[in-house]
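Coordinates as given in structure_12.cif (mmCIF, C-alpha atoms):
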```cif
data_run
loop_
_atom_site.label_atom_id
_atom_site.label_comp_id
_atom_site.auth_asym_id
_atom_site.auth_seq_id
_atom_site.Cartn_x
_atom_site.Cartn_y
_atom_site.Cartn_z
CA MET A 288 69.59 44.37 -42.94
CA THR A 289 67.40 44.39 -39.84
CA LEU A 290 64.01 45.30 -41.27
CA HIS A 291 61.79 43.64 -43.89
CA ILE A 292 58.38 45.12 -44.67
CA SER A 293 56.06 44.25 -47.51
CA ILE A 294 52.50 44.14 -48.83
CA VAL A 295 51.96 40.71 -50.37
CA LYS A 296 49.60 40.40 -53.34
CA ILE A 297 48.01 37.08 -52.50
CA GLU A 298 47.14 36.16 -56.09
CA GLU A 299 50.90 36.26 -56.83
CA GLU A 300 52.44 34.77 -53.67
CA LYS A 301 51.67 33.66 -50.11
CA ILE A 302 53.01 34.96 -46.81
CA SER A 303 55.60 32.48 -45.56
CA SER A 304 56.53 31.73 -41.94
CA GLU A 305 59.73 30.06 -43.14
CA LYS A 306 60.84 33.20 -44.95
CA ALA A 307 60.19 35.21 -41.78
CA LYS A 308 62.12 32.78 -39.57
CA ASN A 309 65.09 32.84 -41.95
CA PHE A 310 65.07 36.63 -42.01
CA ILE A 311 65.18 37.14 -38.25
CA ALA A 312 67.65 34.31 -37.55
CA SER A 313 70.82 35.59 -35.88
CA LYS A 314 73.34 34.33 -33.32
CA ASN A 315 72.89 37.66 -31.52
CA ASN A 316 69.27 36.83 -30.69
CA GLY A 317 68.27 35.12 -27.47
CA ALA A 318 64.58 35.30 -28.39
CA GLU A 319 62.29 35.12 -31.40
CA SER A 320 58.64 36.06 -31.30
CA ILE A 321 56.32 35.34 -34.22
CA PHE A 322 52.71 36.44 -34.61
CA VAL A 323 50.65 34.90 -37.39
CA GLY A 324 47.24 36.43 -38.05
CA LYS A 325 44.83 34.31 -40.10
CA VAL A 326 41.36 34.70 -41.58
CA ARG A 327 38.89 32.90 -39.34
CA ASN A 328 35.63 31.28 -40.35
CA GLU A 329 33.23 33.26 -38.16
CA ASN A 330 32.61 36.88 -37.24
CA ASP A 331 29.59 38.36 -35.50
CA ARG A 332 27.71 35.05 -35.88
CA LYS A 333 28.22 35.05 -39.63
CA GLU A 334 30.00 32.27 -41.47
CA VAL A 335 33.00 33.79 -43.22
CA THR A 336 34.54 32.17 -46.30
CA ALA A 337 37.22 34.76 -47.14
CA VAL A 338 38.35 38.34 -46.60
CA THR A 339 39.44 40.82 -49.27
CA TYR A 340 42.12 43.19 -48.01
CA ASP A 341 42.45 46.59 -49.67
CA THR A 342 45.50 48.77 -49.00
CA HIS A 343 46.77 52.25 -49.79
CA ASP A 344 50.15 50.82 -50.71
CA GLU A 345 52.40 53.87 -50.41
CA ALA A 346 50.88 55.01 -47.12
CA VAL A 347 50.95 51.48 -45.68
CA ILE A 348 54.66 51.08 -46.43
CA LYS A 349 55.34 54.51 -44.94
CA SER A 350 53.40 53.57 -41.79
CA PHE A 351 55.12 50.15 -41.52
CA GLN A 352 58.55 51.84 -41.65
CA SER A 353 57.56 54.36 -39.01
CA ILE A 354 55.97 51.76 -36.70
CA CYS A 355 58.93 49.36 -36.91
CA ASN A 356 61.50 52.11 -36.39
CA ASN A 357 59.55 53.39 -33.39
CA ALA A 358 59.40 49.85 -31.99
CA LYS A 359 63.17 49.54 -32.28
CA ASP A 360 63.74 52.93 -30.65
CA LYS A 361 61.36 52.03 -27.85
CA PHE A 362 62.44 48.46 -27.06
CA ASP A 363 65.58 47.23 -28.81
CA LYS A 364 67.60 49.12 -31.43
CA ASN A 365 69.23 45.88 -32.62
CA ALA A 366 66.03 43.90 -33.12
CA LYS A 367 65.41 42.21 -36.46
CA ILE A 368 61.85 42.72 -37.67
CA PHE A 369 59.85 41.06 -40.46
CA LEU A 370 56.39 42.45 -41.24
CA GLU A 371 54.15 41.40 -44.11
CA HIS A 372 50.45 42.05 -44.72
CA ALA A 373 48.21 40.47 -47.33
CA LYS A 374 46.46 42.34 -50.14
CA GLY A 375 43.62 40.79 -52.12
CA TYR A 376 41.31 37.81 -51.60
CA VAL A 377 42.42 35.67 -48.63
CA LEU A 378 40.63 32.40 -47.86
CA VAL A 379 39.76 31.20 -44.36
CA GLY A 380 42.85 29.68 -42.75
CA GLU A 381 45.30 31.67 -44.82
CA ILE A 382 47.70 34.23 -43.33
CA SER A 383 46.69 37.90 -43.38
CA ILE A 384 49.56 39.34 -41.35
CA LEU A 385 52.88 38.00 -40.12
CA ILE A 386 55.14 39.73 -37.64
CA ALA A 387 58.44 38.13 -36.68
CA VAL A 388 60.90 39.67 -34.25
CA GLY A 389 64.38 38.58 -33.26
CA SER A 390 65.75 40.29 -30.17
CA SER A 391 68.33 39.82 -27.43
CA HIS A 392 65.73 38.99 -24.77
CA ARG A 393 62.19 37.55 -24.63
CA ASP A 394 60.54 40.57 -23.05
CA GLU A 395 61.60 42.89 -25.88
CA ALA A 396 60.67 40.32 -28.54
CA PHE A 397 57.13 39.95 -27.14
CA LYS A 398 56.68 43.67 -26.65
CA ILE A 399 57.85 44.62 -30.15
CA CYS A 400 55.54 42.02 -31.71
CA ARG A 401 52.50 43.26 -29.77
CA TYR A 402 53.36 46.92 -30.32
CA ILE A 403 53.62 46.48 -34.10
CA LEU A 404 50.31 44.60 -34.31
CA GLU A 405 48.37 47.23 -32.37
CA GLU A 406 49.95 50.14 -34.23
CA VAL A 407 49.26 48.57 -37.64
CA LYS A 408 45.60 48.27 -36.67
CA HIS A 409 45.50 51.94 -35.65
CA GLN A 410 47.75 53.60 -38.23
CA SER A 411 48.03 51.63 -41.46
CA PRO A 412 45.42 52.29 -44.17
CA ILE A 413 44.20 48.74 -44.67
CA TRP A 414 40.57 47.67 -45.07
CA LYS A 415 38.72 44.35 -44.84
CA LYS A 416 35.74 43.13 -46.80
CA GLU A 417 34.30 39.91 -45.42
CA HIS A 418 32.70 37.35 -47.74
CA TYR A 419 30.01 35.14 -46.23
CA LYS A 420 28.74 31.65 -46.98
CA ASP A 421 25.33 33.03 -48.01
CA GLY A 422 27.00 35.03 -50.82
CA LYS A 423 26.77 38.40 -49.11
CA GLU A 424 29.79 40.60 -48.43
CA GLU A 425 30.49 43.56 -46.18
CA TRP A 426 33.22 46.16 -45.60
CA LEU A 427 34.00 46.17 -41.89
CA SER A 428 33.94 49.35 -39.86
CA GLY A 429 37.23 50.41 -38.28
CA HIS A 430 39.31 53.14 -36.70
CA SER A 431 38.95 56.65 -38.18
CA LEU A 432 42.16 58.54 -38.98
CA ARG A 433 40.23 61.80 -38.75
CA PRO A 434 40.80 63.52 -35.38
CA LYS A 435 37.92 62.66 -33.03
CA LYS A 436 37.31 66.32 -32.17
CA ASP A 437 36.48 67.03 -35.84
CA ILE A 438 33.83 64.28 -36.16
CA LYS A 439 30.49 65.86 -35.30
CA MET B 119 36.78 72.61 -60.96
CA GLU B 120 37.06 68.87 -60.64
CA ILE B 121 39.10 66.52 -58.52
CA HIS B 122 39.87 62.82 -58.77
CA LEU B 123 38.96 60.95 -55.62
CA ARG B 124 40.99 57.75 -55.23
CA LEU B 125 38.75 55.14 -53.63
CA TYR B 126 39.68 52.71 -50.86
CA GLY B 127 37.80 50.29 -48.62
CA SER B 128 34.06 50.86 -48.39
CA SER B 129 34.24 53.91 -50.68
CA LYS B 130 34.89 51.55 -53.59
CA ILE B 131 31.11 51.08 -53.67
CA LEU B 132 30.94 54.57 -55.26
CA SER B 133 32.49 53.44 -58.55
CA ASP B 134 33.68 50.41 -60.51
CA LYS B 135 36.91 52.31 -61.18
CA ASP B 136 39.77 53.11 -58.79
CA SER B 137 38.84 56.79 -58.69
CA LEU B 138 35.79 59.02 -58.98
CA LYS B 139 35.73 62.37 -60.76
CA ILE B 140 33.89 64.95 -58.63
CA GLU B 141 32.76 68.40 -59.78
CA LEU B 142 33.20 71.13 -57.15
CA PRO B 143 32.83 74.93 -57.06
CA ASN B 144 36.13 76.79 -57.57
CA ASN B 145 38.25 77.23 -54.41
CA SER B 146 36.58 74.33 -52.64
CA ASN B 147 38.20 72.75 -49.63
CA ILE B 148 37.93 69.33 -47.96
CA GLU B 149 34.90 70.46 -45.95
CA LYS B 150 33.08 71.19 -49.22
CA LEU B 151 34.15 67.82 -50.58
CA ARG B 152 32.57 66.16 -47.53
CA ASP B 153 29.30 68.02 -48.27
CA ILE B 154 29.27 66.96 -51.92
CA LEU B 155 30.03 63.36 -50.97
CA SER B 156 27.13 63.38 -48.50
CA LYS B 157 24.80 64.49 -51.28
CA ILE B 158 26.08 61.85 -53.71
CA ILE B 159 25.64 59.14 -51.08
CA SER B 160 22.15 60.23 -49.99
CA GLU B 161 20.96 60.50 -53.61
CA LYS B 162 22.49 57.33 -55.08
CA TYR B 163 23.79 55.06 -52.33
CA SER B 164 21.33 55.43 -49.48
CA LYS B 165 21.00 51.63 -49.14
CA ASN B 166 24.73 50.97 -48.94
CA ASN B 167 25.32 51.89 -45.30
CA LEU B 168 27.69 54.69 -46.27
CA GLU B 169 25.94 57.64 -44.65
CA ASN B 170 28.71 58.12 -42.03
CA LEU B 171 31.54 57.90 -44.54
CA PRO B 172 31.84 61.63 -45.37
CA LYS B 173 32.31 62.58 -41.72
CA THR B 174 34.42 59.63 -40.55
CA ALA B 175 36.80 59.49 -43.52
CA ALA B 176 40.18 61.17 -43.56
CA PHE B 177 41.69 62.46 -46.82
CA PHE B 178 45.25 62.10 -48.08
CA SER B 179 46.96 64.56 -50.40
CA GLU B 180 49.16 63.33 -53.24
CA LYS B 181 52.01 63.32 -50.69
CA ASN B 182 50.05 60.68 -48.71
CA GLU B 183 49.59 62.99 -45.75
CA VAL B 184 46.31 63.63 -43.94
CA VAL B 185 44.87 67.03 -44.93
CA ASN B 186 42.48 68.98 -42.72
CA ASP B 187 39.11 70.45 -43.64
CA ASN B 188 40.60 73.84 -44.58
CA TYR B 189 42.88 72.32 -47.21
CA LYS B 190 42.23 74.11 -50.52
CA LEU B 191 41.73 71.70 -53.38
CA LYS B 192 43.34 72.32 -56.75
CA ASP B 193 41.75 71.68 -60.11
CA LYS B 194 42.47 68.11 -61.35
CA GLU B 195 44.08 67.18 -58.02
CA PHE B 196 44.15 63.55 -56.90
CA ILE B 197 42.89 63.08 -53.35
CA SER B 198 42.58 59.74 -51.54
CA ILE B 199 39.58 59.04 -49.34
CA ILE B 200 40.59 57.04 -46.27
CA PRO B 201 37.57 55.35 -44.62
CA PRO B 202 38.07 54.07 -41.06
CA ILE B 203 40.86 51.50 -41.19
CA GLY B 204 41.18 48.01 -39.75
CA GLY B 205 43.93 45.71 -40.95
CA GLY B 206 45.49 42.67 -39.33
#
```
Please rewrite the model in this file as structure tokens.
Amino acid sequence: MTLHISIVKIEEEKISSEKAKNFIASKNNGAESIFVGKVRNENDRKEVTAVTYDTHDEAVIKSFQSICNNAKDKFDKNAKIFLEHAKGYVLVGEISILIAVGSSHRDEAFKICRYILEEVKHQSPIWKKEHYKDGKEEWLSGHSLRPKKDIK
Amino acid sequence: MEIHLRLYGSSKILSDKDSLKIELPNNSNIEKLRDILSKIISEKYSKNNLENLPKTAAFFSEKNEVVNDNYKLKDKEFISIIPPIGGG
């Protein structure tokens, strides 16, 4: 198996770097690239305590499969890819997304990792609600999936 | 006719439940749904910073595919509203 994708319900389990490393490990790989995205404690001068991630599960999984398969077609058909994204209430410092790639060479490993991250941000129906120290909360604006020409 | 609008992201402000039942004239399409949503938001949620949602959102059919504004809605159909996304 060369592809692992999942939405992780944070109240049930955590995203694990060790699990990702074990998944991509292979004697065929000369390079491993791992990106770990975490919730940070500040955004737009506001003190963040946590982020709630909402997901359209079926469409996210469909998009993850498409993105990862495209990445393999584009850079390395034999790459091993691990992609998990959090769902639910994620505290500052905890992992929101983890992408791990095992590939023959470093250039492909880096490129696949970066490609997947950018495409997830632009294709996968995932939303963030930030929670602030003062008790307020806010859904963040993002990238519209409606064609630009149709937005008047 | 009525449809069930599955709520995601910022649209969850529109209901405590996962979906919102919306009454529409027969043979309505997505464009009409955008109009009705604009009215609901301006009448009940004007302070929630949602005024751009009806025009910036995409909509998914039950097959999880984006549908365009001419898509004819069916009575009792489930449609997902997809506000602008931003994971990672």
request  = Rank nothing, just name the residue among A:Lys416, A:Lys333, A:His430, A:Lys301 nearest to chain B, using all atoms listed in the file.
outcome  = A:His430
inquiry  = Just want the 12 Å neighbourhood of B:Lys192, counted on only C-alpha atoms, with same-chain residues fewer than 5 positions away dropped. Output as a list in words.
reply    = Met119, Glu120, Ile121, His122, Glu141, Leu142, Pro143, Asn144, Asn145, Ser146, Asn147, Ile148, Leu151, Ser179, Glu180 and Ile197 of chain B
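Between atom CA of A:Ala396 and atom CA of A:Asn315 there is a distance of 12.9 Å.
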Hey, which bits of chain B sit within 8 Å of chain A, and for each residue what's the closest pair of atoms and how far apart in Å (one decimal), counting all atoms listed in the file, rows by chain and increasing number, as a tab-separated table?
```
residue	atom	partner	partner_atom	distance
B:Tyr126	CA	A:Asp341	CA	6.8
B:Gly127	CA	A:Trp414	CA	5.2
B:Ser128	CA	A:Trp426	CA	5.5
B:Lys173	CA	A:Ile438	CA	6.0
B:Thr174	CA	A:Ser431	CA	5.9
B:Ala175	CA	A:Arg433	CA	6.3
B:Ala176	CA	A:Arg433	CA	4.9
B:Asn182	CA	A:Ala346	CA	5.9
B:Ile200	CA	A:Pro412	CA	7.1
B:Pro201	CA	A:Ser431	CA	6.7
B:Pro202	CA	A:Ser431	CA	4.0
B:Ile203	CA	A:Gly429	CA	4.8
B:Gly204	CA	A:Gly429	CA	4.9
B:Gly205	CA	A:Ile413	CA	4.8
B:Gly206	CA	A:Ile384	CA	5.6
```
message = I'd like the interatomic distance between atom CA of A:Ala318 and atom CA of A:His392, to a tenth of an Å.
response = 5.3 Å
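For the point (70.2, 39.5, -30.7), the residues with at least one atom inside 6 Å, counting only C-alpha atoms, are Asn315, Asn316, Gly317, Ser390 and Ser391 of chain A.
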Got time to write the residues from that selection, C-alpha atoms, as a CSV table (one decimal), keeping the file's coordinate frame?
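And here's part.csv as it stands now:
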```csv
chain,number,residue,atom,x,y,z
A,315,ASN,CA,72.9,37.7,-31.5
A,316,ASN,CA,69.3,36.8,-30.7
A,317,GLY,CA,68.3,35.1,-27.5
A,390,SER,CA,65.8,40.3,-30.2
A,391,SER,CA,68.3,39.8,-27.4
```
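Here the PyMOL selection byres ((chain A and resi 295) around 9) matches the residues A:Ser293, A:Ile294, A:Lys296, A:Ile297, A:Glu298, A:Glu299, A:Glu300, A:Lys301, A:Ile302, A:Glu371, A:His372, A:Ala373, A:Lys374, A:Gly375.
Atom CA of B:Pro172 is positioned 7.5 Å from atom CA of B:Asp153.
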message = For stretch 306-310 of chain A, find every residue with an atom within 10 Å (counting all atoms listed in the file), except residues of its own chain fewer than 4 positions away, and show them as a ChimeraX atom specification.
response = /A:288-291,302,319-321,367-371,385-389
ask   = Which one of B:Val185, B:Ile199, B:Ile159, B:Leu191 sits closest to B:Leu132 if you count all atoms listed in the file?
value = B:Ile159
Output, as lines of an AutoDock Vina configuration file, the centre and edge lengths in Å (one decimal) of the axis-aligned box that contains all listed atoms of stretch 166-177 of chain B with 6 Å of margin on each side.
```
center_x = 33.2
center_y = 56.8
center_z = -44.7
size_x = 29.0
size_y = 23.6
size_z = 20.4
```
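Nearest residue to A:Glu334 among A:Val379, A:Lys398, A:Ile403, A:Lys361 is A:Val379, counting all atoms listed in the file.
Closest approach to A:Ile348 from the set A:Gly380, A:Cys400, A:Phe322, A:Ile292 is made by A:Ile292, with distances taken over only C-alpha atoms.
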message = Every residue with an atom at most 6 Å from (42.4, 59.6, -55.2) (file coordinates; all atoms listed in the file) is what I'm after, so could you write them as an MDAnalysis selection string?
response = chainID B and resid 122:125 137 196:198
Give me stretch 324-341 of chain A with N, CA and C atoms filled in, as a tab-separated table (two decimals), keeping the file's coordinate frame.
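So the final result, stored in selection_39.tsv, reads:
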```
chain	number	residue	atom	x	y	z
A	324	GLY	N	48.67	36.15	-38.02
A	324	GLY	CA	47.24	36.43	-38.05
A	324	GLY	C	46.61	35.74	-39.26
A	325	LYS	N	45.48	35.06	-39.02
A	325	LYS	CA	44.83	34.31	-40.10
A	325	LYS	C	43.37	34.71	-40.22
A	326	VAL	N	42.79	34.47	-41.38
A	326	VAL	CA	41.36	34.70	-41.58
A	326	VAL	C	40.60	33.57	-40.90
A	327	ARG	N	39.66	33.95	-40.03
A	327	ARG	CA	38.89	32.90	-39.34
A	327	ARG	C	37.49	32.77	-39.94
A	328	ASN	N	36.85	31.66	-39.61
A	328	ASN	CA	35.63	31.28	-40.35
A	328	ASN	C	34.34	31.86	-39.78
A	329	GLU	N	34.45	32.72	-38.76
A	329	GLU	CA	33.23	33.26	-38.16
A	329	GLU	C	33.49	34.68	-37.66
A	330	ASN	N	32.53	35.55	-37.84
A	330	ASN	CA	32.61	36.88	-37.24
A	330	ASN	C	31.19	37.37	-37.02
A	331	ASP	N	30.90	37.80	-35.81
A	331	ASP	CA	29.59	38.36	-35.50
A	331	ASP	C	28.46	37.40	-35.90
A	332	ARG	N	28.68	36.12	-35.60
A	332	ARG	CA	27.71	35.05	-35.88
A	332	ARG	C	27.46	34.81	-37.37
A	333	LYS	N	28.35	35.30	-38.20
A	333	LYS	CA	28.22	35.05	-39.63
A	333	LYS	C	29.36	34.15	-40.09
A	334	GLU	N	29.02	33.23	-41.00
A	334	GLU	CA	30.00	32.27	-41.47
A	334	GLU	C	30.84	32.91	-42.59
A	335	VAL	N	32.10	33.10	-42.29
A	335	VAL	CA	33.00	33.79	-43.22
A	335	VAL	C	33.72	32.76	-44.09
A	336	THR	N	33.81	33.07	-45.40
A	336	THR	CA	34.54	32.17	-46.30
A	336	THR	C	35.89	32.76	-46.72
A	337	ALA	N	35.97	34.10	-46.72
A	337	ALA	CA	37.22	34.76	-47.14
A	337	ALA	C	37.15	36.24	-46.75
A	338	VAL	N	38.29	36.89	-46.82
A	338	VAL	CA	38.35	38.34	-46.60
A	338	VAL	C	39.17	38.96	-47.74
A	339	THR	N	38.65	40.04	-48.31
A	339	THR	CA	39.44	40.82	-49.27
A	339	THR	C	40.08	41.98	-48.52
A	340	TYR	N	41.40	42.08	-48.63
A	340	TYR	CA	42.12	43.19	-48.01
A	340	TYR	C	42.46	44.23	-49.08
A	341	ASP	N	42.10	45.48	-48.80
A	341	ASP	CA	42.45	46.59	-49.67
A	341	ASP	C	43.49	47.44	-48.93
```
